[in-house]
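query_29.txt (compact mmCIF, C-alpha atoms)
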# COMPACT_ATOMS: atom_id res chain seq x y z
CA MET A 13 -15.07 37.01 3.83
CA LYS A 14 -11.49 36.22 2.93
CA ASN A 15 -12.51 34.53 -0.30
CA ARG A 16 -14.73 37.48 -1.20
CA LEU A 17 -11.88 39.87 -0.49
CA THR A 18 -9.47 37.81 -2.56
CA GLY A 19 -11.87 37.43 -5.47
CA LEU A 20 -13.15 40.99 -5.67
CA VAL A 21 -9.86 42.72 -4.97
CA PHE A 22 -7.99 40.65 -7.48
CA ALA A 23 -10.71 40.97 -10.11
CA SER A 24 -10.55 44.77 -9.75
CA LEU A 25 -6.78 44.69 -9.87
CA LEU A 26 -6.84 42.59 -13.05
CA LEU A 27 -9.38 44.93 -14.61
CA MET A 28 -7.37 47.97 -13.58
CA ASN A 29 -4.34 46.61 -15.37
CA TRP A 30 -6.19 45.09 -18.27
CA VAL A 31 -8.03 48.26 -19.33
CA PRO A 32 -4.92 50.33 -20.17
CA SER A 33 -3.24 47.29 -21.70
CA ALA A 34 -6.22 46.57 -23.94
CA TYR A 35 -6.52 50.22 -24.91
CA LEU A 36 -2.84 50.47 -25.74
CA PHE A 37 -3.06 47.17 -27.61
CA GLY A 38 -5.84 48.64 -29.77
CA LYS A 39 -3.54 51.52 -30.61
CA ALA A 40 -0.71 49.34 -31.82
CA PRO A 41 -1.84 48.96 -35.48
CA ALA A 42 -2.12 52.75 -35.83
CA ALA A 43 1.39 53.18 -34.51
CA VAL A 44 2.75 50.62 -36.95
CA GLU A 45 0.80 52.21 -39.80
CA SER A 46 2.05 55.70 -39.03
CA LYS A 47 5.62 54.42 -38.88
CA LYS A 48 5.24 52.72 -42.25
CA THR A 49 3.68 55.65 -44.03
CA GLY A 50 5.19 58.48 -42.07
CA ASN A 51 1.69 59.92 -41.94
CA SER A 52 1.72 62.67 -39.35
CA GLU A 53 -2.07 62.75 -39.15
CA ALA A 54 -2.16 59.14 -38.07
CA LYS A 55 0.46 59.95 -35.48
CA ASP A 56 -1.58 62.89 -34.24
CA ALA A 57 -4.66 60.71 -34.01
CA GLU A 58 -2.65 58.12 -32.13
CA ASN A 59 -1.55 60.64 -29.60
CA SER A 60 -4.97 62.14 -29.13
CA GLU A 61 -5.15 63.15 -25.54
CA GLY A 62 -8.92 62.82 -25.43
CA VAL A 63 -8.81 59.03 -25.54
CA LEU A 64 -6.02 58.95 -22.99
CA TRP A 65 -8.22 60.99 -20.65
CA ILE A 66 -11.13 58.57 -21.09
CA VAL A 67 -8.95 55.53 -20.38
CA MET A 68 -7.45 57.27 -17.38
CA ILE A 69 -10.89 58.07 -16.00
CA VAL A 70 -12.01 54.45 -16.50
CA VAL A 71 -8.92 53.21 -14.62
CA LEU A 72 -9.55 55.75 -11.85
CA ILE A 73 -13.17 54.60 -11.55
CA ILE A 74 -12.01 50.99 -11.22
CA TRP A 75 -9.48 52.10 -8.60
CA ALA A 76 -12.22 53.96 -6.71
CA GLY A 77 -14.26 50.75 -6.65
CA LEU A 78 -11.29 48.74 -5.43
CA ALA A 79 -10.43 51.34 -2.78
CA GLY A 80 -14.05 51.41 -1.58
CA LEU A 81 -14.02 47.64 -1.31
CA LEU A 82 -10.78 47.67 0.68
CA VAL A 83 -12.09 50.34 3.07
CA ARG A 84 -15.29 48.37 3.60
CA ILE A 85 -13.41 45.15 4.34
CA ASP A 86 -11.01 47.04 6.62
CA MET A 87 -13.91 48.46 8.64
CA LYS A 88 -15.74 45.14 8.79
CA THR A 89 -12.57 43.36 9.96
CA ARG A 90 -12.04 45.97 12.70
CA LYS A 91 -15.63 45.53 13.84
CA ILE A 92 -15.21 41.75 14.16
CA GLU A 93 -11.85 42.19 15.92
CA LYS A 94 -13.46 44.50 18.47
CA ARG A 95 -16.30 42.05 19.02
CA LEU A 96 -13.84 39.20 19.57
CA ASP A 97 -11.82 41.34 21.99
CA GLY A 98 -15.03 41.97 23.91
CA ARG A 99 -14.79 45.73 23.51
CA MET B 7 0.91 49.67 11.08
CA ILE B 8 -1.87 49.47 8.54
CA ASN B 9 -2.23 53.27 8.51
CA ILE B 10 1.04 53.69 6.60
CA PHE B 11 -0.25 51.54 3.76
CA ARG B 12 -3.37 53.69 3.45
CA ILE B 13 -1.21 56.20 1.58
CA VAL B 14 -1.94 53.94 -1.39
CA TYR B 15 -5.43 55.46 -1.60
CA ILE B 16 -3.83 58.73 -2.71
CA LEU B 17 -0.68 57.42 -4.33
CA MET B 18 -2.35 55.00 -6.76
CA PRO B 19 -4.67 57.57 -8.44
CA LEU B 20 -1.76 59.99 -8.57
CA THR B 21 0.31 57.30 -10.32
CA VAL B 22 -2.48 56.63 -12.82
CA VAL B 23 -2.74 60.34 -13.66
CA MET B 24 1.04 60.60 -14.01
CA ALA B 25 1.19 57.47 -16.19
CA PHE B 26 -1.43 58.73 -18.62
CA LEU B 27 -0.96 62.48 -18.66
CA TRP B 28 2.37 63.55 -17.19
CA ALA B 29 4.87 60.95 -18.41
CA PRO B 30 5.73 61.14 -22.12
CA GLY B 31 5.46 58.15 -24.41
CA ALA B 32 8.72 56.44 -25.35
CA GLU B 33 10.40 57.51 -28.58
CA ILE B 34 9.62 54.50 -30.79
CA LEU B 35 6.87 52.74 -28.88
CA GLY B 36 4.82 55.91 -28.33
CA ASP B 37 1.82 55.62 -26.03
CA THR B 38 2.13 51.85 -25.88
CA SER B 39 5.15 52.29 -23.61
CA ARG B 40 2.77 53.46 -20.84
CA ILE B 41 2.09 49.81 -20.11
CA ILE B 42 5.45 49.82 -18.31
CA TYR B 43 3.76 51.55 -15.33
CA PHE B 44 1.52 48.51 -14.83
CA HIS B 45 3.67 45.63 -16.05
CA VAL B 46 6.95 46.28 -14.21
CA PRO B 47 5.40 47.13 -10.80
CA ALA B 48 3.18 44.02 -10.96
CA ALA B 49 6.26 41.88 -11.66
CA TRP B 50 8.22 43.61 -8.88
CA ALA B 51 5.42 43.22 -6.32
CA SER B 52 5.06 39.53 -7.19
CA VAL B 53 8.80 38.97 -6.61
CA LEU B 54 8.52 40.85 -3.31
CA SER B 55 5.54 38.75 -2.25
CA PHE B 56 7.42 35.53 -2.99
CA PHE B 57 10.33 36.76 -0.86
CA VAL B 58 7.96 37.64 1.98
CA ALA B 59 6.35 34.20 1.66
CA GLY B 60 9.75 32.50 1.74
CA SER B 61 10.96 34.57 4.69
CA ALA B 62 7.78 33.86 6.67
CA SER B 63 8.27 30.17 5.88
CA ILE B 64 11.82 30.28 7.25
CA GLY B 65 10.35 31.93 10.35
CA TYR B 66 7.75 29.16 10.55
CA LEU B 67 10.35 26.40 10.32
CA PHE B 68 12.52 27.89 13.09
CA ASP B 69 9.88 29.38 15.37
CA GLU B 70 9.03 27.81 18.71
CA LYS B 71 5.33 27.16 18.13
CA ASN B 72 3.94 30.46 19.48
CA LYS B 73 3.86 32.36 16.20
CA ARG B 74 3.77 29.40 13.85
CA ALA B 75 0.13 29.54 12.79
CA ARG B 76 0.46 33.26 12.10
CA LEU B 77 3.60 32.79 9.98
CA ALA B 78 1.98 29.98 7.99
CA ASP B 79 -0.92 32.32 7.21
CA VAL B 80 1.43 35.15 6.25
CA SER B 81 3.36 32.96 3.82
CA HIS B 82 0.21 31.52 2.28
CA ASN B 83 -1.51 34.90 1.91
CA SER B 84 1.62 36.44 0.42
CA CYS B 85 1.80 33.59 -2.06
CA VAL B 86 -1.83 34.11 -3.10
CA ILE B 87 -1.20 37.81 -3.78
CA GLY B 88 2.09 37.00 -5.53
CA MET B 89 0.35 34.54 -7.80
CA VAL B 90 -2.26 37.11 -8.87
CA LEU B 91 0.43 39.72 -9.46
CA ILE B 92 2.57 37.37 -11.51
CA VAL B 93 -0.46 36.50 -13.65
CA LEU B 94 -1.02 40.25 -14.07
CA ALA B 95 2.59 40.78 -15.07
CA THR B 96 2.35 37.89 -17.55
CA VAL B 97 -0.87 39.17 -19.12
CA THR B 98 0.29 42.78 -19.44
CA GLY B 99 3.69 41.60 -20.66
CA SER B 100 2.10 39.36 -23.24
CA ILE B 101 -0.06 42.21 -24.56
CA TRP B 102 3.00 44.45 -24.71
CA ALA B 103 4.95 41.70 -26.51
CA LYS B 104 2.26 41.52 -29.20
CA MET B 105 2.55 45.28 -29.73
CA SER B 106 6.34 45.43 -29.70
CA TRP B 107 7.46 42.10 -31.11
CA GLY B 108 4.39 40.99 -33.08
CA SER B 109 3.52 37.92 -31.06
CA PHE B 110 1.91 37.30 -27.69
CA TRP B 111 4.56 34.77 -26.72
CA ASN B 112 8.15 34.63 -27.96
CA TRP B 113 9.89 32.30 -25.50
CA ASP B 114 12.14 35.16 -24.51
CA PRO B 115 14.31 34.18 -21.48
CA ARG B 116 12.21 36.37 -19.19
CA GLU B 117 8.96 34.94 -20.53
CA THR B 118 10.27 31.42 -20.10
CA SER B 119 11.44 32.11 -16.57
CA ILE B 120 8.07 33.60 -15.58
CA ILE B 121 6.39 30.41 -16.81
CA PHE B 122 8.72 28.38 -14.58
CA LEU B 123 7.88 30.62 -11.63
CA LEU B 124 4.16 30.22 -12.33
CA LEU B 125 4.60 26.44 -12.37
CA VAL B 126 6.73 26.43 -9.20
CA TYR B 127 4.14 28.45 -7.27
CA SER B 128 1.14 26.64 -8.76
CA ALA B 129 2.70 23.45 -7.43
CA TYR B 130 2.75 25.03 -3.96
CA PHE B 131 -1.01 25.47 -4.01
CA SER B 132 -1.51 21.86 -5.09
CA LEU B 133 0.87 20.72 -2.37
CA ARG B 134 -0.85 22.77 0.32
CA SER B 135 -4.33 21.63 -0.61
CA ALA B 136 -3.15 18.01 -0.73
CA LEU B 137 -1.31 18.09 2.61
CA GLY B 138 -3.74 20.28 4.54
CA ARG B 139 -3.06 22.93 7.17
CA LYS B 140 -2.04 20.66 10.03
CA GLU B 141 1.46 20.69 11.55
CA ARG B 142 3.14 18.26 9.17
CA GLY B 143 1.46 19.61 6.04
CA SER B 144 2.32 23.19 6.95
CA ARG B 145 5.93 22.24 7.62
CA ILE B 146 6.34 20.57 4.22
CA SER B 147 4.57 23.48 2.47
CA SER B 148 6.86 25.96 4.26
CA ALA B 149 9.96 24.00 3.29
CA TYR B 150 8.72 24.00 -0.30
CA LEU B 151 8.20 27.78 -0.20
CA VAL B 152 11.77 28.28 1.04
CA LEU B 153 13.06 26.20 -1.87
CA ALA B 154 10.80 28.10 -4.27
CA MET B 155 12.15 31.41 -2.97
CA VAL B 156 15.68 30.29 -3.79
CA THR B 157 14.69 29.89 -7.45
CA VAL B 158 13.20 33.41 -7.71
CA PRO B 159 16.47 35.42 -8.03
CA PHE B 160 17.72 32.88 -10.56
CA PHE B 161 14.65 33.12 -12.78
CA VAL B 162 13.97 36.84 -12.36
CA PHE B 163 17.39 38.45 -12.14
CA MET B 164 19.95 36.03 -13.56
CA VAL B 165 18.43 34.19 -16.54
CA PRO B 166 17.45 37.36 -18.49
CA ARG B 167 20.95 38.73 -18.01
CA ILE B 168 22.76 35.53 -18.98
CA TYR B 169 20.87 34.89 -22.23
CA PRO B 170 20.12 37.48 -24.93
CA SER B 171 16.69 38.93 -24.29
CA LEU B 172 14.12 40.78 -26.38
CA HIS B 173 13.35 42.88 -23.33
CA PRO B 174 14.40 46.50 -23.72
CA ALA B 175 17.83 47.71 -22.66
CA PRO B 176 16.44 50.63 -20.61
CA LEU B 177 15.49 48.17 -17.91
CA ILE B 178 17.73 45.16 -18.45
CA ASN B 179 21.29 45.98 -19.44
CA PRO B 180 24.84 45.05 -18.49
CA GLU B 181 25.47 48.58 -17.12
CA LYS B 182 22.70 47.99 -14.56
CA LYS B 183 21.38 51.50 -15.19
CA LEU B 184 17.88 52.72 -15.89
CA PHE B 185 17.88 54.45 -19.27
CA LEU B 186 14.61 56.31 -19.00
CA GLU B 187 13.62 59.95 -19.27
CA ASP B 188 13.31 61.73 -15.93
CA LYS B 189 9.52 61.99 -16.07
CA MET B 190 9.21 58.31 -17.00
CA ARG B 191 11.61 57.34 -14.25
CA ILE B 192 9.70 59.31 -11.61
CA THR B 193 6.38 57.86 -12.76
CA LEU B 194 7.83 54.36 -12.67
CA ALA B 195 9.12 54.99 -9.14
CA PHE B 196 5.66 56.18 -8.05
CA SER B 197 4.09 53.16 -9.70
CA LEU B 198 6.50 50.78 -7.97
CA ALA B 199 5.77 52.45 -4.62
CA SER B 200 2.01 52.26 -5.22
CA PHE B 201 2.03 48.58 -6.09
CA THR B 202 4.32 47.78 -3.16
CA LEU B 203 2.02 49.63 -0.74
CA LEU B 204 -1.04 47.97 -2.27
CA TYR B 205 0.57 44.55 -1.86
CA PHE B 206 1.37 45.20 1.83
CA TYR B 207 -2.06 46.67 2.47
CA ILE B 208 -3.85 43.64 1.03
CA LEU B 209 -1.45 41.30 2.84
CA VAL B 210 -2.12 42.97 6.21
CA LEU B 211 -5.87 42.81 5.59
CA MET B 212 -5.70 39.13 4.63
CA ASN B 213 -3.57 38.36 7.69
CA ARG B 214 -6.07 40.08 9.96
CA ILE B 215 -8.88 38.04 8.44
CA SER B 216 -6.85 34.84 8.87
CA ALA B 217 -6.26 35.75 12.53
CA ILE B 218 -10.00 36.27 13.02
CA GLU B 219 -10.72 32.89 11.44
CA ALA B 220 -8.16 31.22 13.72
CA ARG B 221 -9.64 32.88 16.81
CA MET B 222 -13.15 31.80 15.82
CA VAL B 223 -11.98 28.20 15.32
CA ASN B 224 -10.29 28.29 18.74
CA LYS B 225 -13.44 29.64 20.40
CA ARG B 226 -15.52 26.94 18.74
CA ASN B 227 -13.09 24.26 19.92
CA GLU B 228 -13.18 25.62 23.49
CA LYS B 229 -16.95 25.20 23.53
Would you mind giving the structure from this file in structure tokens?
Amino acid sequence: MKNRLTGLVFASLLLMNWVPSAYLFGKAPAAVESKKTGNSEAKDAENSEGVLWIVMIVVLIIWAGLAGLLVRIDMKTRKIEKRLDGR
Amino acid sequence: MINIFRIVYILMPLTVVMAFLWAPGAEILGDTSRIIYFHVPAAWASVLSFFVAGSASIGYLFDEKNKRARLADVSHNSCVIGMVLIVLATVTGSIWAKMSWGSFWNWDPRETSIIFLLLVYSAYFSLRSALGRKERGSRISSAYLVLAMVTVPFFVFMVPRIYPSLHPAPLINPEKKLFLEDKMRITLAFSLASFTLLYFYILVLMNRISAIEARMVNKRNEK
């Protein structure tokens, strides 16, 4: 159980951090381009809130999965503890 | 005790929303600066976990047997979490470096010191698996963790301040002040709190599982 907890929790955590990083990384060329050209449209596109919302929702979904996993493990651990205590 | 850490269930989503929607992007870096809310807290939580591991190891070395097994588990579990968090900090930092400085790896003092920390703590896992979990092995592993903890402040806090760093002045500067906009500062504080709570929550869960394993082994041995 401990290995499963470690693996799944850490995989979710990595994913949760990697998603915004990868998204922001994808945006980097546009930022550089807009700085070079001074193109305000490119800047506007870069700052489009729509994409930010999508990334945020993806990160929140990953967090929900991680939180669900933690709750499940918490409950399972309590159950085993009670059984060991003879309650 | 674990109930306090459950605040993370609310605090983490709130942090994510703040990081993406409420906090503004930095002046030059724009939206890419939002990575700070994932990179810095991961690095902070990893440092914290290494301190907890080292402190538990000191406890292990000086304790009179009754809590020893528990302390050995605490230090090992904390190290496992710390290792994952430091990998996270390295990955997010490396991606941010590519965006800001044009290369994934620049041998900046902070990047170099994080590599040393990774090596120091990777060596711990090799040592522990080689020596096993019996009395002598645990004692040597604990002594190693105490020594490793001593290196953490040097690598994390001193080296980047001694040598010129590419890392931004808002976070690392001689004035020891945080030069961030109020909204960014608040979001960073929330993010640090969330990651700290998450670290403690996972640590407590892992410790409970370790305790269950130990009790099961004891029961089996009694039979």
Q. What would the list of residues within 10 Å of (4.1, 39.7, -23.3) (file frame) look like as a VMD selection string, if all atoms listed in the file are what count?
A. chain B and resid 45 95 to 114 116 to 117 173
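Proximity ranking of B:Arg74, B:Asp69, B:Met212, B:Phe160 relative to chain A places B:Met212 first, based on only C-alpha atoms.
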| task | Starting from the point (9.7, 48.6, -14.9), work out which residues of protein, DNA or RNA have an atom no more than 9 Å away when counting only C-alpha atoms; state them as a ChimeraX atom specification. | result | /B:42-50,177,191,194-195,197-198
Go ahead and dump the residues you just picked, C-alpha atoms, as an mmCIF file, keeping the file's coordinate frame.
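The resulting file, again38.cif, is reproduced below:
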data_model
loop_
_atom_site.group_PDB
_atom_site.id
_atom_site.type_symbol
_atom_site.label_atom_id
_atom_site.label_comp_id
_atom_site.auth_asym_id
_atom_site.auth_seq_id
_atom_site.Cartn_x
_atom_site.Cartn_y
_atom_site.Cartn_z
ATOM 1 C CA ILE B 42 5.450 49.820 -18.310
ATOM 2 C CA TYR B 43 3.760 51.550 -15.330
ATOM 3 C CA PHE B 44 1.520 48.510 -14.830
ATOM 4 C CA HIS B 45 3.670 45.630 -16.050
ATOM 5 C CA VAL B 46 6.950 46.280 -14.210
ATOM 6 C CA PRO B 47 5.400 47.130 -10.800
ATOM 7 C CA ALA B 48 3.180 44.020 -10.960
ATOM 8 C CA ALA B 49 6.260 41.880 -11.660
ATOM 9 C CA TRP B 50 8.220 43.610 -8.880
ATOM 10 C CA LEU B 177 15.490 48.170 -17.910
ATOM 11 C CA ARG B 191 11.610 57.340 -14.250
ATOM 12 C CA LEU B 194 7.830 54.360 -12.670
ATOM 13 C CA ALA B 195 9.120 54.990 -9.140
ATOM 14 C CA SER B 197 4.090 53.160 -9.700
ATOM 15 C CA LEU B 198 6.500 50.780 -7.970
#
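Any residue of chain B with an atom no more than 7 Å from chain A counts as a contact; using only C-alpha atoms, that gives Tyr15, Pro19, Val22, Val23, Phe26, Asp37, Thr38, Ile41, Phe44, Val90, Leu94, Thr98, Ile101, Met105, Leu211, Met212, Ile215 and Ile218 of chain B.
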One decimal place gives the atom CA of Phe201 of chain B-atom CA of Ala29 of chain B separation as 17.7 Å
